[in-house]
Structure formats: structure tokens, C-alpha cells
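Peer 1: Input data.cif, format and content: mmCIF, C-alpha atoms.
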data_protein
loop_
_atom_site.label_atom_id
_atom_site.label_comp_id
_atom_site.auth_asym_id
_atom_site.auth_seq_id
_atom_site.Cartn_x
_atom_site.Cartn_y
_atom_site.Cartn_z
CA MET A 1 32.83 -17.60 12.16
CA PHE A 2 32.66 -14.20 13.87
CA ARG A 3 36.47 -14.21 14.32
CA TYR A 4 36.88 -13.95 10.55
CA LEU A 5 34.31 -11.25 9.76
CA SER A 6 36.93 -8.71 8.65
CA LEU A 7 38.53 -11.29 6.35
CA ALA A 8 35.12 -12.27 4.95
CA PHE A 9 34.30 -8.62 4.29
CA LYS A 10 37.60 -8.05 2.43
CA ASN A 11 37.05 -11.20 0.36
CA SER A 12 33.56 -10.07 -0.62
CA LEU A 13 35.04 -7.00 -2.34
CA ARG A 14 38.21 -8.52 -3.85
CA ASN A 15 36.66 -8.87 -7.33
CA LYS A 16 35.17 -5.38 -7.47
CA ARG A 17 33.36 -5.73 -10.78
CA ARG A 18 31.62 -8.96 -9.85
CA SER A 19 30.86 -7.71 -6.35
CA PHE A 20 29.39 -4.48 -7.77
CA LEU A 21 27.16 -6.36 -10.22
CA THR A 22 26.04 -8.85 -7.55
CA ILE A 23 25.33 -6.15 -4.98
CA SER A 24 23.44 -4.15 -7.63
CA SER A 25 21.33 -7.19 -8.52
CA VAL A 26 20.55 -7.88 -4.87
CA ALA A 27 19.80 -4.18 -4.25
CA VAL A 28 17.34 -3.90 -7.15
CA SER A 29 15.65 -7.17 -6.19
CA LEU A 30 15.43 -6.19 -2.51
CA CYS A 31 14.08 -2.78 -3.51
CA LEU A 32 11.24 -4.44 -5.42
CA LEU A 33 10.73 -6.96 -2.63
CA GLY A 34 10.64 -4.20 0.00
CA VAL A 35 8.05 -2.20 -1.94
CA LEU A 36 5.87 -5.27 -2.42
CA ILE A 37 6.08 -6.23 1.26
CA ALA A 38 5.27 -2.62 2.23
CA ILE A 39 2.20 -2.64 -0.04
CA TYR A 40 1.08 -6.04 1.29
CA HIS A 41 1.55 -4.87 4.89
CA ALA A 42 -0.31 -1.61 4.24
CA LEU A 43 -3.22 -3.37 2.54
CA PHE A 44 -3.72 -6.49 4.63
CA MET A 45 -1.95 -5.95 7.95
CA HIS A 46 -2.73 -2.28 8.53
CA ASP A 47 -4.49 -1.61 11.84
CA GLN A 48 -7.77 0.28 11.72
CA SER A 49 -7.79 3.82 13.07
CA PRO A 50 -10.34 4.67 15.81
CA GLY A 51 -12.52 6.35 13.17
CA GLN A 52 -12.37 3.41 10.76
CA ALA A 53 -13.40 1.05 13.55
CA LEU A 54 -16.76 2.87 13.74
CA ARG A 55 -17.49 3.26 10.03
CA LEU A 56 -19.11 0.94 7.52
CA VAL A 57 -19.94 1.25 3.84
CA VAL A 58 -23.07 -0.16 2.20
CA ARG A 59 -22.71 -1.00 -1.50
CA ASN A 60 -24.19 -3.17 -4.21
CA ARG A 61 -23.39 -6.82 -3.55
CA VAL A 62 -22.63 -7.52 -7.21
CA SER A 63 -20.05 -4.81 -7.85
CA LEU A 64 -18.91 -1.35 -6.87
CA ALA A 65 -19.80 -0.28 -10.40
CA GLN A 66 -23.47 -1.09 -9.78
CA PRO A 67 -25.61 1.49 -7.91
CA ILE A 68 -28.16 1.03 -5.13
CA TYR A 69 -31.42 2.90 -4.53
CA ALA A 70 -31.20 6.24 -2.76
CA SER A 71 -34.20 5.15 -0.67
CA TYR A 72 -31.95 2.62 1.09
CA GLU A 73 -30.35 5.45 3.03
CA GLU A 74 -33.35 6.11 5.30
CA LYS A 75 -33.89 2.40 5.88
CA VAL A 76 -30.28 1.98 6.96
CA ARG A 77 -30.62 4.97 9.28
CA ARG A 78 -33.32 3.12 11.25
CA VAL A 79 -31.13 0.08 11.99
CA PRO A 80 -30.34 -0.13 15.75
CA GLY A 81 -26.81 1.03 16.52
CA VAL A 82 -26.56 3.41 13.54
CA LYS A 83 -25.73 6.97 14.61
CA GLU A 84 -25.52 8.64 11.20
CA VAL A 85 -25.58 7.87 7.48
CA SER A 86 -24.57 9.79 4.36
CA VAL A 87 -24.45 9.28 0.63
CA TRP A 88 -20.86 8.61 -0.39
CA ASN A 89 -20.67 8.76 -4.17
CA TRP A 90 -17.47 8.39 -6.18
CA TYR A 91 -17.46 11.12 -8.84
CA GLY A 92 -14.40 10.42 -10.94
CA GLY A 93 -14.12 13.11 -13.57
CA THR A 94 -11.11 15.22 -14.52
CA TYR A 95 -9.41 18.20 -12.97
CA LYS A 96 -7.56 20.29 -15.60
CA ASP A 97 -6.39 17.33 -17.68
CA GLN A 98 -5.69 13.60 -17.64
CA ASP A 99 -2.21 14.08 -16.17
CA GLN A 100 -1.71 11.70 -13.26
CA LYS A 101 -0.38 14.50 -11.07
CA ASN A 102 -3.85 16.12 -11.21
CA PHE A 103 -5.62 12.97 -10.08
CA PHE A 104 -7.20 12.74 -6.63
CA ALA A 105 -10.22 11.09 -5.03
CA ARG A 106 -13.49 13.03 -5.44
CA PHE A 107 -16.66 12.15 -3.52
CA ALA A 108 -20.14 13.62 -3.39
CA VAL A 109 -21.53 13.55 0.16
CA GLU A 110 -24.19 15.07 2.37
CA PRO A 111 -22.09 17.70 4.21
CA LYS A 112 -23.72 17.80 7.65
CA ALA A 113 -23.98 14.04 8.01
CA PHE A 114 -20.55 13.53 6.47
CA LEU A 115 -18.86 15.80 9.01
CA THR A 116 -20.48 13.82 11.81
CA ILE A 117 -19.34 10.51 10.35
CA ARG A 118 -15.73 11.62 9.90
CA THR A 119 -14.91 11.61 13.59
CA GLN A 120 -11.20 12.36 13.05
CA LEU A 121 -11.66 15.18 10.56
CA ASP A 122 -10.11 18.41 11.83
CA MET A 123 -11.25 21.70 10.26
CA PRO A 124 -12.14 25.18 11.60
CA ASN A 125 -15.80 25.60 12.55
CA ASP A 126 -16.41 28.49 10.11
CA GLN A 127 -15.20 26.28 7.26
CA ARG A 128 -17.49 23.48 8.45
CA GLN A 129 -20.48 25.84 8.38
CA ALA A 130 -19.57 27.13 4.93
CA PHE A 131 -19.40 23.55 3.63
CA ILE A 132 -22.87 22.82 5.03
CA LYS A 133 -24.54 26.00 3.76
CA ASP A 134 -23.04 26.50 0.28
CA ARG A 135 -24.29 23.97 -2.29
CA GLN A 136 -21.27 24.58 -4.53
CA ALA A 137 -18.80 24.25 -1.67
CA CYS A 138 -16.08 21.65 -1.48
CA ILE A 139 -13.37 20.79 1.03
CA VAL A 140 -9.94 19.32 0.30
CA SER A 141 -7.36 17.51 2.41
CA ASP A 142 -4.35 19.50 3.57
CA ASP A 143 -1.87 17.28 1.70
CA LEU A 144 -3.85 17.72 -1.53
CA ALA A 145 -3.97 21.49 -1.00
CA ARG A 146 -0.17 21.55 -0.65
CA LYS A 147 0.30 19.36 -3.71
CA LEU A 148 -1.95 21.31 -6.10
CA GLY A 149 -1.86 24.72 -4.42
CA PHE A 150 -5.55 24.85 -3.47
CA GLN A 151 -6.57 27.76 -1.25
CA VAL A 152 -9.78 28.69 0.54
CA GLY A 153 -11.95 30.74 -1.83
CA GLN A 154 -10.48 29.20 -5.00
CA ARG A 155 -12.87 28.07 -7.78
CA ILE A 156 -12.36 24.57 -9.16
CA GLN A 157 -13.97 22.95 -12.19
CA LEU A 158 -14.42 19.20 -12.53
CA THR A 159 -15.37 17.69 -15.88
CA GLY A 160 -17.51 14.58 -15.50
CA ASP A 161 -17.01 11.18 -17.10
CA ILE A 162 -19.20 8.84 -15.04
CA TYR A 163 -21.58 11.77 -14.58
CA PRO A 164 -22.26 14.26 -17.42
CA GLY A 165 -21.50 17.96 -17.34
CA THR A 166 -19.08 20.20 -15.49
CA LEU A 167 -19.14 21.09 -11.79
CA ASP A 168 -18.11 24.56 -10.67
CA LEU A 169 -16.93 24.22 -7.08
CA LYS A 170 -15.57 26.62 -4.48
CA VAL A 171 -12.98 25.56 -1.92
CA VAL A 172 -14.39 26.61 1.45
CA GLY A 173 -12.28 24.44 3.74
CA ILE A 174 -8.99 22.58 4.10
CA TYR A 175 -9.16 19.66 6.51
CA HIS A 176 -6.84 17.13 8.07
CA ASP A 177 -8.01 13.53 8.34
CA PRO A 178 -5.55 10.60 8.52
CA ASP A 179 -8.16 8.37 6.86
CA ALA A 180 -9.00 10.69 3.96
CA THR A 181 -5.79 11.90 2.36
CA GLN A 182 -5.49 13.28 -1.19
CA SER A 183 -9.29 13.69 -1.34
CA MET A 184 -12.00 16.22 -2.13
CA PHE A 185 -15.60 16.18 -0.89
CA PHE A 186 -18.49 18.22 -2.27
CA ASN A 187 -22.27 18.45 -1.95
CA TRP A 188 -24.31 15.52 -3.26
CA ASP A 189 -27.36 17.75 -3.78
CA TYR A 190 -25.39 19.95 -6.17
CA LEU A 191 -24.32 16.91 -8.21
CA LYS A 192 -27.87 15.53 -8.15
CA GLU A 193 -29.22 18.73 -9.71
CA THR A 194 -27.05 18.16 -12.78
CA LEU A 195 -28.30 14.59 -13.32
CA PRO A 196 -31.19 13.42 -15.48
CA VAL A 197 -34.31 12.71 -13.39
CA GLY A 198 -33.95 8.97 -13.90
CA ARG A 199 -30.49 8.86 -12.31
CA ARG A 200 -31.33 10.88 -9.21
CA SER A 201 -32.85 7.90 -7.41
CA TYR A 202 -29.58 5.94 -7.54
CA ILE A 203 -26.43 6.31 -5.44
CA GLY A 204 -23.11 4.55 -5.29
CA THR A 205 -22.62 3.78 -1.59
CA ILE A 206 -23.83 4.76 1.87
CA ALA A 207 -21.38 5.67 4.63
CA VAL A 208 -22.51 4.55 8.09
CA LEU A 209 -21.33 5.58 11.56
CA ALA A 210 -21.91 2.99 14.30
CA ASP A 211 -22.40 3.86 17.96
CA SER A 212 -19.53 1.53 18.98
CA PRO A 213 -17.05 -0.89 17.38
CA ASP A 214 -18.99 -3.78 18.91
CA SER A 215 -22.07 -2.78 16.91
CA VAL A 216 -20.30 -2.92 13.55
CA PRO A 217 -20.71 -6.68 12.80
CA ARG A 218 -24.34 -6.61 13.97
CA ILE A 219 -25.18 -3.56 11.84
CA ALA A 220 -23.54 -5.10 8.77
CA LYS A 221 -25.60 -8.29 9.13
CA ALA A 222 -28.83 -6.40 9.84
CA VAL A 223 -28.46 -4.18 6.77
CA ASP A 224 -27.66 -7.05 4.41
CA ASP A 225 -30.51 -9.14 5.82
CA MET A 226 -32.88 -6.20 5.30
CA PHE A 227 -32.16 -6.13 1.57
CA GLU A 228 -31.72 -9.88 1.11
CA ASN A 229 -34.78 -10.11 -1.17
CA ALA A 230 -34.48 -6.64 -2.74
CA PRO A 231 -33.55 -6.35 -6.44
CA PRO A 232 -30.18 -4.70 -5.67
CA GLN A 233 -28.88 -6.68 -2.71
CA THR A 234 -26.27 -5.04 -0.52
CA LYS A 235 -22.87 -5.86 0.90
CA THR A 236 -22.02 -3.99 4.09
CA GLU A 237 -18.39 -3.98 5.18
CA SER A 238 -15.95 -1.97 7.22
CA GLU A 239 -14.40 1.09 5.63
CA GLN A 240 -11.05 -0.69 5.48
CA GLN A 241 -12.55 -3.70 3.70
CA PHE A 242 -14.42 -1.41 1.34
CA ALA A 243 -11.17 0.33 0.40
CA LEU A 244 -9.68 -3.04 -0.50
CA SER A 245 -12.63 -3.62 -2.85
CA PHE A 246 -11.02 -1.12 -5.23
CA VAL A 247 -7.90 -3.26 -5.30
CA SER A 248 -9.95 -6.42 -5.93
CA PHE A 249 -10.71 -5.14 -9.44
CA LEU A 250 -7.16 -6.25 -10.28
CA GLY A 251 -7.94 -9.81 -9.17
CA ASN A 252 -6.59 -11.73 -6.20
CA ILE A 253 -4.01 -9.13 -5.19
CA LYS A 254 -2.77 -11.27 -2.29
CA VAL A 255 -1.79 -14.08 -4.67
CA PHE A 256 -0.25 -11.60 -7.12
CA LEU A 257 1.94 -9.99 -4.48
CA MET A 258 3.02 -13.30 -2.95
CA ALA A 259 3.80 -14.78 -6.38
CA ILE A 260 5.93 -11.79 -7.36
CA CYS A 261 7.73 -11.85 -4.00
CA ALA A 262 8.48 -15.55 -4.47
CA ALA A 263 9.79 -14.93 -8.00
CA VAL A 264 12.00 -12.08 -6.82
CA THR A 265 13.38 -14.18 -3.94
CA PHE A 266 14.13 -17.08 -6.29
CA THR A 267 15.89 -14.72 -8.71
CA ILE A 268 18.11 -13.31 -5.96
CA LEU A 269 18.91 -16.88 -4.87
CA LEU A 270 20.04 -17.83 -8.39
CA VAL A 271 22.19 -14.71 -8.76
CA SER A 272 23.82 -15.12 -5.35
CA GLY A 273 24.30 -18.88 -5.78
CA ASN A 274 26.00 -18.45 -9.14
CA THR A 275 28.26 -15.70 -7.79
CA MET A 276 29.35 -17.74 -4.78
CA ALA A 277 29.95 -20.86 -6.87
CA MET A 278 32.22 -18.89 -9.21
CA SER A 279 34.02 -17.24 -6.32
CA VAL A 280 34.70 -20.52 -4.53
CA ARG A 281 35.90 -22.29 -7.69
CA GLU A 282 38.46 -19.54 -8.26
CA ARG A 283 39.83 -19.92 -4.74
CA ILE A 284 40.12 -23.68 -4.29
CA LYS A 285 43.91 -23.41 -4.10
CA GLU A 286 43.57 -20.63 -1.52
CA VAL A 287 41.48 -23.00 0.59
CA GLY A 288 44.37 -25.47 0.50
CA VAL A 289 46.82 -22.76 1.55
CA LEU A 290 44.54 -21.68 4.40
CA LYS A 291 44.35 -25.25 5.63
CA THR A 292 48.12 -25.54 5.62
CA LEU A 293 48.19 -22.41 7.79
CA GLY A 294 45.95 -24.07 10.34
CA PHE A 295 42.47 -22.93 9.35
CA THR A 296 39.86 -25.52 10.28
CA ASN A 297 37.01 -26.71 8.06
CA GLU A 298 34.59 -24.77 10.23
CA GLY A 299 36.67 -21.63 9.89
CA ILE A 300 36.77 -21.85 6.07
CA LEU A 301 33.06 -22.59 6.01
CA GLY A 302 32.42 -19.49 8.12
CA ILE A 303 34.63 -17.24 5.95
CA ILE A 304 32.87 -18.20 2.72
CA ILE A 305 29.39 -17.95 4.23
CA GLY A 306 30.36 -14.64 5.86
CA GLU A 307 31.44 -13.33 2.45
CA ALA A 308 28.02 -14.12 1.00
CA LEU A 309 26.27 -12.58 4.00
CA CYS A 310 28.27 -9.36 3.57
CA ILE A 311 27.29 -9.06 -0.08
CA ALA A 312 23.65 -9.83 0.70
CA LEU A 313 23.56 -7.36 3.60
CA ILE A 314 25.14 -4.52 1.61
CA GLY A 315 22.77 -5.14 -1.30
CA GLY A 316 19.84 -5.42 1.10
CA VAL A 317 20.58 -2.10 2.81
CA ILE A 318 20.97 -0.29 -0.52
CA GLY A 319 17.77 -1.92 -1.79
CA LEU A 320 15.84 -0.83 1.28
CA VAL A 321 17.04 2.75 0.86
CA LEU A 322 15.74 2.67 -2.72
CA ALA A 323 12.49 1.09 -1.53
CA TRP A 324 12.10 3.83 1.09
CA LEU A 325 12.48 6.49 -1.60
CA LEU A 326 9.88 4.75 -3.78
CA THR A 327 7.32 4.22 -1.04
CA THR A 328 7.78 7.80 0.17
CA GLY A 329 7.08 8.96 -3.38
CA LEU A 330 3.99 6.75 -3.58
CA THR A 331 2.71 8.18 -0.31
CA LYS A 332 3.23 11.77 -1.45
CA SER A 333 1.55 11.04 -4.77
CA GLY A 334 -1.59 9.91 -2.92
CA ALA A 335 -1.51 6.30 -4.14
CA GLY A 336 -2.49 5.11 -0.67
CA ALA A 337 -5.64 7.23 -0.61
CA MET A 338 -7.31 4.89 -3.06
CA VAL A 339 -7.01 1.99 -0.64
CA GLY A 340 -7.56 3.89 2.57
CA VAL A 341 -3.92 3.83 3.60
CA ALA A 342 -2.39 7.18 4.44
CA ASP A 343 1.20 5.90 4.64
CA LEU A 344 2.77 3.36 2.29
CA GLY A 345 6.22 3.92 3.79
CA LEU A 346 8.50 1.19 5.10
CA THR A 347 7.65 -0.09 8.56
CA TRP A 348 10.06 -1.84 10.90
CA PHE A 349 8.27 -5.07 10.01
CA THR A 350 9.11 -4.56 6.33
CA VAL A 351 12.73 -3.57 7.05
CA VAL A 352 13.42 -6.52 9.35
CA LEU A 353 11.67 -9.02 7.08
CA SER A 354 13.49 -7.79 3.96
CA LEU A 355 16.90 -7.92 5.63
CA ALA A 356 16.13 -11.35 7.05
CA ILE A 357 15.26 -12.57 3.56
CA ALA A 358 18.49 -11.08 2.19
CA LEU A 359 20.60 -12.78 4.87
CA PHE A 360 18.72 -16.06 4.43
CA ILE A 361 19.37 -15.97 0.69
CA GLY A 362 23.04 -15.16 1.30
CA PHE A 363 23.34 -18.16 3.63
CA ILE A 364 21.46 -20.62 1.39
CA SER A 365 23.28 -19.56 -1.78
CA SER A 366 26.72 -19.99 -0.21
CA PHE A 367 26.26 -23.04 2.00
CA VAL A 368 26.75 -25.78 -0.63
CA PRO A 369 29.84 -24.21 -2.28
CA ALA A 370 31.28 -23.41 1.16
CA TRP A 371 30.62 -26.92 2.44
CA ASN A 372 32.27 -28.53 -0.57
CA ALA A 373 35.27 -26.23 -0.32
CA ALA A 374 35.69 -26.85 3.41
CA ARG A 375 35.61 -30.65 2.88
CA THR A 376 38.27 -30.63 0.13
CA ASN A 377 41.54 -31.97 1.46
CA ILE A 378 44.79 -30.02 1.17
CA LEU A 379 46.36 -32.09 -1.65
CA ASP A 380 43.24 -31.93 -3.84
CA SER A 381 42.97 -28.20 -3.20
CA LEU A 382 46.56 -27.47 -4.18
CA ARG A 383 46.33 -29.70 -7.28
CA TYR A 384 43.07 -28.06 -8.46
CA ALA A 385 43.57 -26.62 -11.96
CA GLY A 386 40.17 -24.90 -12.47
#
Could you render the structure as C-alpha cells?

Peer 2:
Amino acid sequence: MFRYLSLAFKNSLRNKRRSFLTISSVAVSLCLLGVLIAIYHALFMHDQSPGQALRLVVRNRVSLAQPIYASYEEKVRRVPGVKEVSVWNWYGGTYKDQDQKNFFARFAVEPKAFLTIRTQLDMPNDQRQAFIKDRQACIVSDDLARKLGFQVGQRIQLTGDIYPGTLDLKVVGIYHDPDATQSMFFNWDYLKETLPVGRRSYIGTIAVLADSPDSVPRIAKAVDDMFENAPPQTKTESEQQFALSFVSFLGNIKVFLMAICAAVTFTILLVSGNTMAMSVRERIKEVGVLKTLGFTNEGILGIIIGEALCIALIGGVIGLVLAWLLTTGLTKSGAGAMVGVADLGLTWFTVVLSLAIALFIGFISSFVPAWNAARTNILDSLRYAG
């Protein structure tokens, strides 16, 4: 088979229009497949960072949309193995307008405790102190600052939707944290002052820092057991699992992604199979000529399969380039911040798996036509009138 690779490559491009359309179909399908695999890998196979391994989030067991009592915070603080806790409240709201480019994650936190919990957060000490002391202070991630042009000292207004009113914030720090990209954090006490008295005793979630990764499962069980009989029961999970809770609002995302991947793979198989069947039917007489020249059945089988593999590989490479451009754009837009993934780009796992799928489809789609052509005897091949 490898002896005839150059011949197989030339055959794959002999009908340029059909080859172009087939390669384009494979490329678009592999692009979609690559993006889906990258998202699946980032969501469900992404390794925890050292900071994430120490952090947990306590939330309402029923739903993220349901609050818990603010008094839970002090009770959680007393659980053995807990080093620090902080309110971690999703704010929502709008910055400037509803344009997607102005969207980013916004959380209300307790600054001093929050800075302790974020073990990988890097920011100058004077900016840390300003965040702790100024009730209207906020800090933004470095990638968000580059995207929207935020600078230290700039005033920012957020218009509430979940919470009423408008917040007037001052950027006092720009931080770098691989686990908190495209995000802004501001003072929970400042937000609380704007709330009606009845809402001040409720919070969204509690961020927890454990003393070691080994303590995380024990702390999670202890906290949930503590509030087992309380009116709002809790669900305590790792930060990574909590991030995936946002995605769960869409349903069983694992099943969705796998179903779409299967549909895309089946579509590529149909396109490639139809193309190879047409190509082989047009060249039945050529097969007879090749046999008269001494080509063996195995050689003809290898040439036809090699032709399909070339088309699949070319389409796969182009598709992966397109997928890389898309995932890079998603990363820069901050889409990964919502699920706690800083990088949605293609990994070697995604690249190898996508190309393997492309080659597998090329082989499967061509094997039956190639096998039938290779088995056709010389007389039948030369008499073929199709």
C-alpha cells in the first residue's frame, strides 16, 4: 500500500471539483467535531490547578438560582480543615449595554478573605490593600483589562438586573489568576448596602479554602451533613464541579456533545462513502487495465483506500486549522471563564483524536468499494459499461 502513496494522492485530486467539495465537507465537519471535542475535554477532562484542588463552593442543594442564609458562612468557617471562607455572589448586571463583547463575570466577595482564598492570584501589594480598604473598589483580570481597556483608577458603572440599582465602582487593581479569567470582583458589603433589608441575610454561595487537598472530601461531607435538616440544604463541591453546574442548566451536556459528535461522524461517513463509491464506479475499466499491467488485488485495494485516506487527511487538517481559530476566538472572548476553564484551545489529545477519526472514516468509507473493485476480474472490468 505504501508503495503507491504518490499514485493514490494524484488519484484523490484527479476530479478537482468533486475532491474540493468532499474535502470542504470533511473540513467543515472536522472543524465542528474538533471544537466539540475541545469543549468536552476542557469541561470534563481538564485537570484541576493547584488552587482549584484546595477550593470548594457551598451552594443551595436545589439550584444555583436559590440563595442560602448568610449565617451559614460562620458555621462553615468552624468546620475542621477550613482555612478561610468568603461570600461569593454572582452579580450579573450590565456594563454599558447588552452587547456580548461587554459581558464578563462579576462577583461580590469579601476582599480580605477572597485574596486569601485565591492562592494563585498575582497582584501588587498596594493594589491588594486598596481593594481591602475601599468599599467601592473592584479588581479585574489582566485579560479583561486588555479586552475592554480598563485601567487602575477608572470608574465603572454596573446596572443591576438580579439586584436593583446601579453600582459605581473604581478599578484599584489588575490581577492575574489562571482560574479567574475575564472576571471582576468587588466588595460584598458595598452591594449589601444597596439591598432591601430583607435581602441582606441571603447570599448566593460561599467560597471555601481547605488546608489540604485531602481535606476537601471530608469538608464537603461535613458541611452538607451540618445543614441536612436546615430549610435550605446545601451542596458542597469542588470549584471545578461548581463551574460545571452553570453548564448543567442546559441539560445533560455530556449526552448533547456526544450525540452531536456521533451525528457529525456519521455525516462525514456518508459523504466520504458516497464519494468513494462514485469514484470507484467511474474507474472500473482502469482497474482492469491496472490488473493487466500486473497490479495485484492488494495493490489496487491499497491505492483506492489510500486515495480516501488522502482526502480525509487533507480535510481533517484544514478542519483542525479552522477549529483552532474558533477555539482561540472562544478563549479570547472569555467563554471559558463561565465554566472555570481558562483555555478552550485545541490540545494534542483533541488533534490526535480528530485526525484518527478522519482517517478511520476515510478507511471505512472506502473499504467496501475498494474490496469490490479489487475482486473484479479483468474481463468483467474491461466490459463494464457504467

Peer 1: Counting all atoms listed in the file, figure out which residue out of A:Cys310, A:Ile206, A:Ala222, A:Leu346 gets nearest to Leu325 in chain A.

Peer 2: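 For Leu325 in chain A, the nearest of the candidates is A:Leu346.
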
Peer 1: Take CA of Asp189 in chain A and CA of Arg135 in chain A and report the distance between them in Å, one decimal.

Peer 2: 7.1 Å

Peer 1: Contacts of Asp126 in chain A at 9 Å or less, counting all atoms listed in the file, minus same-chain residues fewer than 4 places along, as a list in words?

Peer 2: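 Those residues are Ala130, Phe131 and Gly173 of chain A.
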
Peer 1: Identify which of the residues A:Leu148, A:Glu286, A:Lys192, A:Ile23 lies closest to Gln100 in chain A, counting all atoms listed in the file when measuring atom-to-atom distances.

Peer 2: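 The answer is A:Leu148, which sits nearest to Gln100 in chain A.
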
Peer 1: Suppose you want the space between CA of Leu121 in chain A and CA of Gly51 in chain A; what is it in Å?

Peer 2: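 Separating CA of Leu121 in chain A from CA of Gly51 in chain A is a distance of 9.2 Å.
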
Peer 1: Using the chain letters and numbers from the file, give me the residues hit by the PyMOL selection byres ((chain A and resi 52) around 12), as a count of residues only.

Peer 2: 36

Peer 1: Please, what distance in Å, to one decimal, runs between CA of Leu158 in chain A and CA of Asp134 in chain A?

Peer 2: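 Spanning CA of Leu158 in chain A to CA of Asp134 in chain A is a straight-line distance of 17.1 Å.
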
Peer 1: For each of A:Trp188, A:Phe360, A:Trp324, A:Tyr91, take the minimum atom-to-atom distance to Ala70 in chain A, counting only C-alpha atoms, then give the residue where this is smallest.

Peer 2: A:Trp188

Peer 1: On this structure, the PyMOL selection byres ((chain A and resi 236) around 7) would catch which residues? List them as a list in words, sorted by chain and number.

Peer 2: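 Against this file, the PyMOL selection byres ((chain A and resi 236) around 7) returns the residues Leu56, Val57, Val58, Arg59, Ala220, Val223, Asp224, Thr234, Lys235 and Glu237 of chain A.
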
Peer 1: Hey, which of A:Ala42, A:Leu309, A:Met278, A:Cys138 ends up closest to Gly153 in chain A? Count only C-alpha atoms.

Peer 2: A:Cys138

Peer 1: Between A:Lys83, A:Leu32, A:Val171, A:Gly315, which one has atoms that come closest to Thr116 in chain A, using all atoms listed in the file?

Peer 2: A:Lys83

Peer 1: Could you list, as a ChimeraX atom specification, every residue matched by the PyMOL selection byres ((chain A and resi 357) around 12) in this structure?

Peer 2: /A:26,29-30,33-34,37,261-262,264-266,268-269,309,312-313,315-317,320,350-356,358-365

Peer 1: Let's have the selection written as a CSV table (one decimal), in the coordinates of the input, with C-alpha atoms.

Peer 2:
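Just written: selection-v9.csv:
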chain,number,residue,atom,x,y,z
A,26,VAL,CA,20.6,-7.9,-4.9
A,29,SER,CA,15.6,-7.2,-6.2
A,30,LEU,CA,15.4,-6.2,-2.5
A,33,LEU,CA,10.7,-7.0,-2.6
A,34,GLY,CA,10.6,-4.2,0.0
A,37,ILE,CA,6.1,-6.2,1.3
A,261,CYS,CA,7.7,-11.8,-4.0
A,262,ALA,CA,8.5,-15.6,-4.5
A,264,VAL,CA,12.0,-12.1,-6.8
A,265,THR,CA,13.4,-14.2,-3.9
A,266,PHE,CA,14.1,-17.1,-6.3
A,268,ILE,CA,18.1,-13.3,-6.0
A,269,LEU,CA,18.9,-16.9,-4.9
A,309,LEU,CA,26.3,-12.6,4.0
A,312,ALA,CA,23.6,-9.8,0.7
A,313,LEU,CA,23.6,-7.4,3.6
A,315,GLY,CA,22.8,-5.1,-1.3
A,316,GLY,CA,19.8,-5.4,1.1
A,317,VAL,CA,20.6,-2.1,2.8
A,320,LEU,CA,15.8,-0.8,1.3
A,350,THR,CA,9.1,-4.6,6.3
A,351,VAL,CA,12.7,-3.6,7.0
A,352,VAL,CA,13.4,-6.5,9.4
A,353,LEU,CA,11.7,-9.0,7.1
A,354,SER,CA,13.5,-7.8,4.0
A,355,LEU,CA,16.9,-7.9,5.6
A,356,ALA,CA,16.1,-11.4,7.0
A,358,ALA,CA,18.5,-11.1,2.2
A,359,LEU,CA,20.6,-12.8,4.9
A,360,PHE,CA,18.7,-16.1,4.4
A,361,ILE,CA,19.4,-16.0,0.7
A,362,GLY,CA,23.0,-15.2,1.3
A,363,PHE,CA,23.3,-18.2,3.6
A,364,ILE,CA,21.5,-20.6,1.4
A,365,SER,CA,23.3,-19.6,-1.8

Peer 1: Smallest atom-to-atom distance to Val87 in chain A: which of A:Gly294, A:Pro164, A:Gly319, A:Gly204, using all atoms listed in the file?

Peer 2: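 Checking each candidate against Val87 in chain A, we get A:Gly204 as the closest.
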
Peer 1: Write out as number ranges by chain the residues lying within 12 Å of Lys147 in chain A, counting all atoms listed in the file and excluding same-chain residues fewer than 4 positions away.

Peer 2: A: 101-104, 140-143, 151, 181-183, 331-334
